[in-house]
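For reference, run-v8.txt (compact mmCIF, C-alpha atoms and all ligand atoms):
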```txt
# COMPACT_ATOMS: atom_id res chain seq x y z
CA MET A 7 4.08 -33.48 0.37
CA SER A 8 5.09 -29.91 1.16
CA ALA A 9 6.45 -29.09 4.60
CA VAL A 10 4.87 -25.63 4.49
CA PRO A 11 1.49 -26.58 6.01
CA GLU A 12 3.17 -28.57 8.76
CA LEU A 13 5.49 -25.67 9.64
CA ALA A 14 2.57 -23.24 9.42
CA GLU A 15 0.75 -25.37 11.97
CA TYR A 16 3.89 -25.59 14.14
CA VAL A 17 4.49 -21.83 14.17
CA GLU A 18 0.92 -21.29 15.41
CA THR A 19 1.76 -23.25 18.55
CA LEU A 20 4.65 -20.96 19.47
CA SER A 21 4.31 -18.00 21.80
CA LEU A 22 6.41 -15.08 20.64
CA VAL A 23 8.67 -12.63 22.39
CA ASP A 24 7.99 -9.26 20.75
CA HIS A 25 11.38 -7.79 21.58
CA HIS A 26 10.71 -4.30 20.30
CA VAL A 27 7.23 -2.83 20.49
CA HIS A 28 5.30 0.15 21.83
CA GLY A 29 1.82 0.51 23.35
CA PRO A 30 -1.47 0.43 21.46
CA PHE A 31 -3.73 3.52 21.41
CA ARG A 32 -5.50 4.18 24.68
CA GLU A 33 -8.55 5.90 23.24
CA SER A 34 -10.51 5.64 20.03
CA ILE A 35 -9.09 7.65 17.19
CA GLY A 36 -10.63 9.11 14.05
CA ARG A 37 -10.36 7.50 10.64
CA VAL A 38 -7.90 10.08 9.34
CA ARG A 39 -5.51 9.39 12.19
CA PHE A 40 -5.93 5.65 11.74
CA GLU A 41 -5.09 5.81 8.04
CA ASN A 42 -2.15 8.09 8.81
CA ALA A 43 -0.92 5.52 11.32
CA LEU A 44 -0.68 3.04 8.41
CA ASN A 45 1.99 5.25 6.84
CA GLU A 46 5.41 5.22 8.49
CA GLY A 47 7.41 7.49 6.22
CA SER A 48 5.53 10.71 6.86
CA THR A 49 3.62 12.09 9.79
CA ASP A 50 2.01 14.73 7.59
CA PRO A 51 -1.64 14.25 6.55
CA LEU A 52 -1.92 11.91 3.55
CA PRO A 53 -2.70 13.59 0.23
CA GLY A 54 -6.39 13.41 -0.68
CA PHE A 55 -5.86 10.79 -3.39
CA VAL A 56 -3.99 8.42 -1.03
CA SER A 57 -5.74 6.05 1.38
CA GLY A 58 -3.88 4.25 4.16
CA PHE A 59 -5.90 1.20 3.12
CA GLU A 60 -4.44 1.28 -0.41
CA SER A 61 -1.04 -0.15 0.41
CA GLN A 62 0.54 -3.48 1.31
CA LEU A 63 -0.19 -2.76 4.96
CA GLY A 64 -3.73 -1.59 4.22
CA PHE A 65 -4.48 -4.73 2.22
CA ALA A 66 -2.99 -6.86 5.00
CA VAL A 67 -5.26 -5.14 7.54
CA ARG A 68 -8.31 -5.92 5.40
CA ARG A 69 -7.19 -9.50 4.79
CA TRP A 70 -5.92 -10.59 8.19
CA CYS A 71 -7.44 -8.19 10.72
CA ALA A 72 -11.00 -8.07 9.39
CA PRO A 73 -11.89 -11.61 10.59
CA LEU A 74 -10.90 -10.65 14.14
CA LEU A 75 -13.51 -7.89 13.97
CA ASP A 76 -16.10 -10.48 12.79
CA LEU A 77 -15.83 -9.33 9.16
CA ASP A 78 -15.02 -11.25 6.00
CA PRO A 79 -11.42 -11.23 4.76
CA HIS A 80 -10.77 -8.42 2.24
CA THR A 81 -13.71 -6.43 3.54
CA SER A 82 -14.01 -2.88 2.22
CA PRO A 83 -12.24 -0.02 4.00
CA ASP A 84 -15.60 1.56 4.86
CA GLN A 85 -16.94 -1.63 6.41
CA TYR A 86 -13.71 -2.15 8.26
CA TRP A 87 -13.72 1.32 9.66
CA THR A 88 -17.40 1.23 10.68
CA ARG A 89 -16.94 -2.02 12.59
CA ARG A 90 -13.72 -0.88 14.23
CA ALA A 91 -15.32 2.37 15.41
CA GLU A 92 -18.32 0.42 16.74
CA LEU A 93 -16.11 -1.85 18.85
CA GLY A 94 -13.94 0.95 20.24
CA GLU A 95 -10.27 0.90 21.17
CA PRO A 96 -10.40 -1.20 24.38
CA GLU A 97 -12.15 -4.08 22.60
CA VAL A 98 -10.01 -3.74 19.47
CA ASN A 99 -6.91 -3.84 21.66
CA ARG A 100 -8.16 -6.85 23.59
CA ARG A 101 -8.84 -8.85 20.41
CA PHE A 102 -5.66 -8.05 18.52
CA LEU A 103 -3.24 -8.30 21.44
CA ALA A 104 -4.61 -11.70 22.43
CA ALA A 105 -4.49 -12.94 18.83
CA ALA A 106 -0.84 -11.92 18.45
CA GLY A 107 0.16 -14.91 20.60
CA VAL A 108 2.89 -12.96 22.37
CA ASP A 109 3.82 -13.90 25.93
CA HIS A 110 6.61 -11.35 26.46
CA TRP A 111 6.38 -7.73 25.29
CA VAL A 112 9.56 -5.65 25.51
CA ILE A 113 8.21 -2.11 25.48
CA ASP A 114 9.83 1.12 24.39
CA SER A 115 7.62 3.66 26.15
CA GLY A 116 9.80 6.63 25.20
CA PHE A 117 7.73 7.79 22.22
CA GLY A 118 4.21 9.25 22.13
CA SER A 119 3.52 7.80 25.56
CA ALA A 120 0.55 10.07 26.26
CA ASP A 121 -1.44 8.43 23.46
CA VAL A 122 -0.71 4.76 24.11
CA LEU A 123 -1.20 2.32 26.98
CA SER A 124 1.37 2.44 29.78
CA LEU A 125 3.28 -0.67 30.81
CA ASP A 126 0.82 -1.35 33.65
CA GLU A 127 -2.21 -0.84 31.42
CA LEU A 128 -0.68 -3.19 28.90
CA ARG A 129 -0.12 -5.81 31.60
CA ALA A 130 -3.80 -5.63 32.47
CA VAL A 131 -4.89 -6.04 28.84
CA THR A 132 -2.56 -8.80 27.69
CA GLY A 133 -1.94 -10.89 30.78
CA GLY A 134 1.53 -11.43 29.26
CA ALA A 135 4.83 -10.37 30.78
CA VAL A 136 5.63 -6.74 29.97
CA HIS A 137 9.23 -5.53 30.18
CA GLU A 138 10.64 -2.03 30.14
CA LEU A 139 13.30 -0.64 27.83
CA VAL A 140 15.02 2.66 28.56
CA ARG A 141 15.13 5.04 25.63
CA LEU A 142 18.46 6.78 26.08
CA GLU A 143 17.61 10.06 24.38
CA THR A 144 14.34 10.38 26.33
CA LEU A 145 16.17 9.75 29.60
CA ALA A 146 18.75 12.40 28.65
CA ALA A 147 16.07 14.95 27.77
CA ASP A 148 14.16 14.26 31.00
CA LEU A 149 17.27 14.73 33.13
CA LEU A 150 18.30 17.88 31.30
CA ALA A 151 14.82 19.32 31.70
CA GLU A 152 15.49 19.22 35.45
CA SER A 153 19.05 20.57 35.29
CA ALA A 154 22.47 19.96 33.77
CA HIS A 155 24.02 19.68 37.22
CA GLY A 156 26.26 16.61 37.58
CA TYR A 157 24.82 15.22 34.35
CA PRO A 158 27.15 12.26 33.59
CA ASP A 159 26.71 10.77 37.07
CA ARG A 160 22.97 11.42 37.15
CA PHE A 161 22.60 9.68 33.79
CA ARG A 162 24.57 6.65 34.95
CA VAL A 163 22.61 6.41 38.19
CA ALA A 164 19.29 6.69 36.35
CA LEU A 165 20.31 3.87 34.03
CA SER A 166 21.42 1.57 36.83
CA ASP A 167 18.21 2.38 38.75
CA ALA A 168 16.20 1.43 35.67
CA ARG A 169 18.14 -1.82 35.36
CA ASP A 170 17.61 -2.57 39.05
CA ARG A 171 13.87 -2.06 38.79
CA GLY A 172 13.75 -4.58 35.94
CA ALA A 173 14.43 -2.75 32.65
CA VAL A 174 15.79 -5.41 30.31
CA GLY A 175 17.59 -3.17 27.84
CA ALA A 176 18.26 0.29 26.45
CA LYS A 177 17.35 1.75 23.09
CA SER A 178 18.92 4.54 21.07
CA ILE A 179 17.27 6.57 18.34
CA LEU A 180 20.46 8.30 17.26
CA ALA A 181 19.26 7.43 13.75
CA TYR A 182 16.68 10.19 14.20
CA ARG A 183 18.89 12.63 16.03
CA THR A 184 22.28 12.60 14.34
CA GLY A 185 22.52 9.67 11.92
CA PHE A 186 25.27 7.09 12.35
CA ASP A 187 28.22 8.95 10.80
CA LEU A 188 29.63 10.11 14.14
CA ASP A 189 32.91 10.08 16.02
CA TYR A 190 32.46 7.15 18.41
CA ALA A 191 35.45 7.92 20.63
CA ARG A 192 34.13 7.71 24.19
CA PRO A 193 33.73 11.31 25.43
CA ALA A 194 35.29 12.32 28.75
CA ASP A 195 32.89 13.37 31.52
CA VAL A 196 34.12 16.94 31.31
CA GLU A 197 33.11 17.13 27.63
CA VAL A 198 29.75 15.53 28.40
CA GLN A 199 29.13 18.03 31.18
CA ARG A 200 30.00 20.92 28.86
CA ALA A 201 27.58 19.61 26.20
CA ALA A 202 24.88 19.17 28.83
CA GLU A 203 25.27 22.73 30.05
CA ALA A 204 25.17 24.03 26.48
CA ARG A 205 21.75 22.42 26.11
CA THR A 206 20.17 23.79 29.24
CA GLY A 207 16.77 25.17 28.36
CA ALA A 208 16.86 23.91 24.76
CA ALA A 209 13.45 22.90 23.49
CA THR A 210 14.67 20.97 20.45
CA PRO A 211 15.13 17.17 20.59
CA LEU A 212 18.46 16.00 21.92
CA GLY A 213 20.80 16.09 18.92
CA ASP A 214 24.21 16.63 20.43
CA PRO A 215 26.63 13.89 19.27
CA THR A 216 28.64 14.02 22.51
CA LEU A 217 25.57 13.41 24.64
CA ILE A 218 24.33 10.69 22.30
CA VAL A 219 27.62 8.78 22.18
CA PHE A 220 27.93 9.16 25.96
CA GLY A 221 24.48 7.56 26.29
CA LEU A 222 25.50 4.57 24.17
CA PHE A 223 28.59 3.90 26.27
CA ALA A 224 26.65 4.40 29.51
CA ALA A 225 24.24 1.65 28.40
CA VAL A 226 27.19 -0.58 27.54
CA ASP A 227 28.76 0.10 30.95
CA ALA A 228 25.46 -0.71 32.67
CA GLY A 229 25.52 -4.09 30.94
CA LEU A 230 22.18 -3.47 29.23
CA PRO A 231 21.42 -5.04 25.84
CA LEU A 232 21.43 -2.11 23.42
CA GLN A 233 18.76 -1.69 20.76
CA ILE A 234 19.57 0.70 17.92
CA HIS A 235 16.96 1.93 15.46
CA VAL A 236 18.31 1.16 11.99
CA GLY A 237 16.83 1.99 8.59
CA LEU A 238 13.15 2.64 7.91
CA GLY A 239 11.41 5.31 9.95
CA ASP A 240 9.60 8.53 9.27
CA ARG A 241 11.35 11.11 7.13
CA ASP A 242 12.52 12.93 10.22
CA LEU A 243 15.56 10.67 9.84
CA ASP A 244 18.01 10.75 6.94
CA LEU A 245 17.68 7.20 5.61
CA HIS A 246 21.04 7.41 3.81
CA ARG A 247 22.77 8.16 7.12
CA VAL A 248 21.38 5.17 9.00
CA ASN A 249 23.06 2.36 7.15
CA PRO A 250 24.32 0.14 10.00
CA MET A 251 27.75 -0.15 8.34
CA LEU A 252 28.31 3.38 9.65
CA LEU A 253 28.19 1.88 13.17
CA LEU A 254 31.40 -0.06 12.55
CA PRO A 255 33.63 2.22 14.66
CA PHE A 256 31.23 1.85 17.59
CA LEU A 257 30.91 -1.92 17.19
CA ARG A 258 34.70 -2.22 17.05
CA ALA A 259 35.18 -0.45 20.39
CA PRO A 260 36.58 -3.20 22.64
CA GLU A 261 34.26 -2.39 25.54
CA VAL A 262 31.09 -2.87 23.44
CA GLY A 263 30.41 -6.42 24.54
CA VAL A 264 26.71 -6.26 25.39
CA PRO A 265 24.21 -7.64 22.87
CA VAL A 266 23.55 -5.00 20.21
CA LEU A 267 20.15 -5.37 18.54
CA LEU A 268 19.79 -3.73 15.13
CA LEU A 269 16.08 -2.94 14.83
CA HIS A 270 13.98 -3.02 11.63
CA CYS A 271 17.01 -2.62 9.37
CA TYR A 272 15.02 -2.31 6.10
CA PRO A 273 16.36 -1.59 3.50
CA TYR A 274 19.72 -2.43 5.11
CA GLU A 275 18.82 -5.94 6.31
CA ARG A 276 21.69 -7.42 4.31
CA GLU A 277 24.24 -5.11 5.91
CA ALA A 278 22.72 -5.99 9.30
CA GLY A 279 23.05 -9.69 8.50
CA TYR A 280 26.69 -9.19 7.64
CA LEU A 281 27.31 -7.33 10.92
CA ALA A 282 25.56 -10.13 12.82
CA GLN A 283 28.03 -12.54 11.29
CA ALA A 284 31.04 -10.25 11.77
CA PHE A 285 30.42 -9.34 15.43
CA GLY A 286 29.59 -11.91 18.08
CA ASN A 287 27.26 -9.55 19.93
CA VAL A 288 25.24 -8.13 16.99
CA HIS A 289 21.65 -9.27 16.38
CA LEU A 290 18.90 -8.11 14.07
CA ASP A 291 15.20 -8.09 13.40
CA VAL A 292 13.09 -7.02 10.44
CA GLY A 293 10.15 -5.77 12.49
CA LEU A 294 8.17 -2.76 11.31
CA ALA A 295 9.08 -3.50 7.70
CA VAL A 296 7.27 -6.87 7.85
CA ASN A 297 4.03 -4.97 8.45
CA TYR A 298 4.70 -2.41 5.76
CA LEU A 299 5.67 -5.01 3.18
CA GLY A 300 2.54 -7.11 3.79
CA ALA A 301 2.27 -9.74 1.07
CA ALA A 302 5.85 -8.93 0.00
CA ALA A 303 7.25 -9.62 3.49
CA ARG A 304 8.24 -13.19 2.65
CA ALA A 305 11.25 -12.00 0.66
CA LEU A 306 12.32 -9.77 3.54
CA VAL A 307 12.03 -12.57 6.08
CA ALA A 308 14.05 -14.79 3.72
CA ARG A 309 16.78 -12.12 3.59
CA SER A 310 16.87 -12.04 7.39
CA TYR A 311 18.16 -15.63 7.16
CA GLU A 312 21.04 -14.98 4.77
CA LEU A 313 24.36 -14.15 6.46
CA ALA A 314 23.21 -13.83 10.07
CA PRO A 315 23.83 -16.83 12.32
CA PHE A 316 20.39 -18.14 13.24
CA ALA A 317 20.95 -17.39 16.93
CA LYS A 318 21.05 -13.69 15.98
CA VAL A 319 17.65 -13.27 14.27
CA LEU A 320 14.78 -12.07 16.49
CA TYR A 321 11.09 -11.40 16.04
CA SER A 322 9.57 -7.97 16.64
CA SER A 323 6.52 -6.06 15.46
CA ASP A 324 7.64 -2.51 16.37
CA ALA A 325 3.93 -1.75 16.56
CA TRP A 326 2.88 1.66 17.85
CA GLY A 327 -0.71 2.91 17.93
CA PRO A 328 -3.31 0.77 16.13
CA ALA A 329 -3.38 -2.69 17.73
CA GLU A 330 -3.73 -4.12 14.23
CA LEU A 331 0.03 -3.63 14.01
CA HIS A 332 0.71 -5.66 17.16
CA TYR A 333 -1.26 -8.53 15.68
CA LEU A 334 -0.17 -8.21 12.05
CA GLY A 335 3.52 -8.19 12.93
CA ALA A 336 3.02 -11.65 14.38
CA ARG A 337 0.56 -12.86 11.72
CA LEU A 338 2.70 -11.81 8.75
CA TRP A 339 5.92 -13.07 10.33
CA ARG A 340 4.36 -16.46 11.07
CA ASN A 341 3.02 -16.65 7.51
CA ALA A 342 6.34 -15.64 6.01
CA VAL A 343 8.69 -17.75 8.07
CA SER A 344 6.75 -20.98 7.63
CA SER A 345 6.54 -20.46 3.89
CA VAL A 346 10.18 -19.42 3.41
CA VAL A 347 11.69 -22.11 5.58
CA GLY A 348 9.18 -24.69 4.38
CA GLU A 349 10.38 -24.22 0.80
CA TRP A 350 13.95 -24.92 1.88
CA VAL A 351 12.74 -28.12 3.54
CA ASP A 352 10.80 -29.05 0.40
CA ARG A 353 14.00 -28.76 -1.61
CA ASP A 354 15.73 -30.96 0.98
CA GLU A 355 18.23 -28.22 1.77
CA TRP A 356 17.05 -28.10 5.38
CA SER A 357 15.65 -30.83 7.56
CA LEU A 358 12.22 -30.37 9.12
CA ALA A 359 13.78 -30.57 12.58
CA ASP A 360 16.30 -27.84 11.76
CA ALA A 361 13.52 -25.66 10.35
CA ARG A 362 11.50 -26.01 13.54
CA GLY A 363 14.57 -25.16 15.63
CA VAL A 364 15.30 -21.98 13.67
CA ILE A 365 11.68 -20.82 13.81
CA ALA A 366 11.48 -21.43 17.56
CA ALA A 367 14.75 -19.58 18.16
CA SER A 368 13.58 -16.50 16.25
CA ALA A 369 10.11 -16.66 17.79
CA SER A 370 11.38 -16.52 21.34
CA GLY A 371 14.53 -18.44 22.25
CA ASN A 372 17.03 -15.88 21.00
CA ALA A 373 15.25 -13.00 22.75
CA ARG A 374 14.96 -14.99 25.97
CA ARG A 375 18.72 -15.48 25.91
CA VAL A 376 19.54 -11.84 25.04
CA TYR A 377 17.24 -10.28 27.67
CA GLY A 378 17.54 -13.02 30.27
CA LEU A 379 13.78 -13.63 30.29
CA ASP A 380 12.59 -16.37 32.58
CA PRO A 381 11.61 -19.29 30.36
CA THR A 382 8.85 -20.29 32.75
CA THR A 383 6.97 -16.98 32.79
ZN ZN B 1 10.08 1.22 17.70
```

Let me see whether you can do it: turn the structure in this file into structure tokens.
Amino acid sequence: MSAVPELAEYVETLSLVDHHVHGPFRESIGRVRFENALNEGSTDPLPGFVSGFESQLGFAVRRWCAPLLDLDPHTSPDQYWTRRAELGEPEVNRRFLAAAGVDHWVIDSGFGSADVLSLDELRAVTGGAVHELVRLETLAADLLAESAHGYPDRFRVALSDARDRGAVGAKSILAYRTGFDLDYARPADVEVQRAAEARTGAATPLGDPTLIVFGLFAAVDAGLPLQIHVGLGDRDLDLHRVNPMLLLPFLRAPEVGVPVLLLHCYPYEREAGYLAQAFGNVHLDVGLAVNYLGAAARALVARSYELAPFAKVLYSSDAWGPAELHYLGARLWRNAVSSVVGEWVDRDEWSLADARGVIAASASGNARRVYGLDPTT
């Protein structure tokens, strides 16, 4: 008898830690924006002949999300949209967030925060524990919008204040700002101050390598686990410059001892797995891409268990916007992991007990260890 159904049943009993995720939409959105939100690579309007529903993610929404809106699986896009609009965002959020089975949400609120629920609003909707992450480039931009005066110290104080009020980690989007092919020598405060002053009044996103590398080391010095966006994102980033192998000089810096979490990673999940094996502090997830790969996500989840030690593989959805993504991240990951690992058990390469242990570690145990989350909350 196959182990897959038994593991599928087991994985349903596990609460997840979603270790990298954003808020769901606060208010109802139009269909065009919804379909656009099912497309990660471009923020431009979709061409007329393309529907957000006609993709792996769109099919997964119709298959797995429709029943939560009281519709049949594989319902038509029009029926789906009509029902979703009828329910409205608060009810849609309530249903999908509850069904995700997540008891800890680690939230990056540094992007598009006006459109999505705040940490407190999210606490009220989910009843789960909600933890803050500090987005380094957003913090830098906020401080510089005030003034460049005493910038290095102000940045360090702001980070330690965030840590003291309960932020569990920091996140960098240098992938979007500079790419990874940088000089990772730690900049002296005088250079950082000069770069900060050069930016005073700039309206463009923070893209100065000195300020970005300073931010990474400040997070390391503050002892915060450091999330780094890797791979897939919208075309604002240069995908060929965000291969995590380009982070080697940073990872080799002796002072970089905090957990480093490589996020998403697709299509560089194999490089990320290698780095997780090569560096004791490097971890990875394949969030975001699991949603976009839909029915093809099993192969991706299998690749997340190649070179990486199993204590280094974490679950995340990286959902932002439609609450379908918060739910689907969990649904598709549960589907994929039970099927992938179950096949290894069926071939007697893994024991059932080992399979359960690995699934539980990725579902929550590894993230609890990395972020120091209280196992009883
Ligand atoms: Zn994200």

task: Can you work out the spacing between atom CA of Tyr157 of chain A and atom CA of Gly221 of chain A in Å, to one decimal?
output: 11.1 Å

message: Give me, as a ChimeraX atom specification, the set of residues whose atoms come within 7 Å of any atom of ligand ZN 1 (chain B), counting only C-alpha atoms and all ligand atoms.
response: /A:26-28,114,324-325

Could you write those residues out with C-alpha atoms, as a short mmCIF file (atom, residue, chain, number, x, y, z; two decimals), in the frame of the given file?
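Result saved to again.cif:
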```cif
data_model
loop_
_atom_site.label_atom_id
_atom_site.label_comp_id
_atom_site.auth_asym_id
_atom_site.auth_seq_id
_atom_site.Cartn_x
_atom_site.Cartn_y
_atom_site.Cartn_z
CA HIS A 26 10.71 -4.30 20.30
CA VAL A 27 7.23 -2.83 20.49
CA HIS A 28 5.30 0.15 21.83
CA ASP A 114 9.83 1.12 24.39
CA ASP A 324 7.64 -2.51 16.37
CA ALA A 325 3.93 -1.75 16.56
#
```

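Every protein, DNA or RNA residue with an atom at most 6 Å from segment 260-270 of chain A, where only C-alpha atoms count and chain neighbours fewer than 2 positions away do not, is listed here: Pro231, Leu232, Gln233, Ile234, His235, Val236, Arg258, Tyr272, Asn287, Val288, His289, Leu290, Asp291, Val292, Gly293 and Leu294 of chain A.
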
Do you know which residues are at most 9 Å from Arg276 of chain A counting all atoms listed in the file, after dropping those on the same chain fewer than 6 positions away, and could you put them as a PDB file with C-alpha atoms, keeping the file's coordinate frame?
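Just written: result.pdb:
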```
ATOM      1  CA  ARG A 309      16.780 -12.120   3.590  1.00  0.00           C
ATOM      2  CA  SER A 310      16.870 -12.040   7.390  1.00  0.00           C
ATOM      3  CA  GLU A 312      21.040 -14.980   4.770  1.00  0.00           C
ATOM      4  CA  LEU A 313      24.360 -14.150   6.460  1.00  0.00           C
ATOM      5  CA  ALA A 314      23.210 -13.830  10.070  1.00  0.00           C
TER       6      ALA A 314
END
```

message: Can you pull out the residues contacting Pro273 of chain A? Cut-off 9 Å, using all atoms listed in the file, and skip same-chain residues under 4 positions away; I want them as an NGL selection string.
response: :A and (237-238 or 249 or 277 or 295)

message: Set the distance at 9 Å and use all atoms listed in the file: which residues neighbour Gly239 of chain A once local chain neighbours fewer than 5 positions away are removed? I'd like the list as a PyMOL selection string.
response: chain A and resi 46-48+181-182+245+270+294

Any chance you could export the current selection's C-alpha atoms as an mmCIF file, in the frame of the given file?
```cif
data_model
loop_
_atom_site.group_PDB
_atom_site.id
_atom_site.type_symbol
_atom_site.label_atom_id
_atom_site.label_comp_id
_atom_site.auth_asym_id
_atom_site.auth_seq_id
_atom_site.Cartn_x
_atom_site.Cartn_y
_atom_site.Cartn_z
ATOM 1 C CA GLU A 46 5.410 5.220 8.490
ATOM 2 C CA GLY A 47 7.410 7.490 6.220
ATOM 3 C CA SER A 48 5.530 10.710 6.860
ATOM 4 C CA ALA A 181 19.260 7.430 13.750
ATOM 5 C CA TYR A 182 16.680 10.190 14.200
ATOM 6 C CA LEU A 245 17.680 7.200 5.610
ATOM 7 C CA HIS A 270 13.980 -3.020 11.630
ATOM 8 C CA LEU A 294 8.170 -2.760 11.310
#
```

message: as a list in words, please: the residues near segment 94-100 of chain A (cut-off 10 Å, all atoms listed in the file, same-chain neighbours under 4 positions excluded).
response: Gly29, Pro30, Phe31, Arg32, Glu33, Ser34, Ile35, Leu74, Leu75, Arg89, Arg90, Ala104, Ala105, Leu123, Leu128, Ala130, Val131, Thr132, Gly327, Pro328, Ala329, Glu330, His332 and Tyr333 of chain A

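The two atoms in question, atom CA of Leu20 of chain A and atom CA of Asp109 of chain A, are spaced 9.6 Å apart.
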
message: Restricting the calculation to all atoms listed in the file: of A:Thr184, A:Ser178, A:Asn45, A:Thr19, which residue gets closest to Asp240 of chain A?
response: A:Asn45

Give me the box for segment 283-290 of chain A as lines of an AutoDock Vina configuration file, namely the centre and edge lengths in Å to one decimal of a box along x, y and z that holds every listed atom plus 3 Å on each side.
```
center_x = 25.0
center_y = -10.3
center_z = 15.6
size_x = 18.1
size_y = 10.4
size_z = 14.6
```

message: Ranking A:Ala305, A:Ala164, A:Ala367, A:Ala72 by minimum distance to Leu320 of chain A and counting only C-alpha atoms, which one comes first?
response: A:Ala367

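Distance check against Tyr274 of chain A using all atoms listed in the file: of A:Leu188, A:Val376, A:Val248, A:Leu299, the minimum falls on A:Val248.
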
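As for atom CA of Asp78 of chain A and atom CA of Phe40 of chain A, they are spaced 20.0 Å apart.
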
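Using only C-alpha atoms, the smallest distance between any of A:Ala204, A:Val10, A:Ala168, A:Ala359 and Leu150 of chain A comes from A:Ala204.
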
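Closest approach to Ala135 of chain A from the set A:Ala317, A:Val23, A:Val219, A:Leu230 is made by A:Val23, with distances taken over only C-alpha atoms.
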
- request: Can you work out which one of A:Gly371, A:Pro193, A:Gly348, A:Pro73 has the shortest atom-to-atom distance to Lys318 of chain A, counting all atoms listed in the file?
  value: A:Gly371
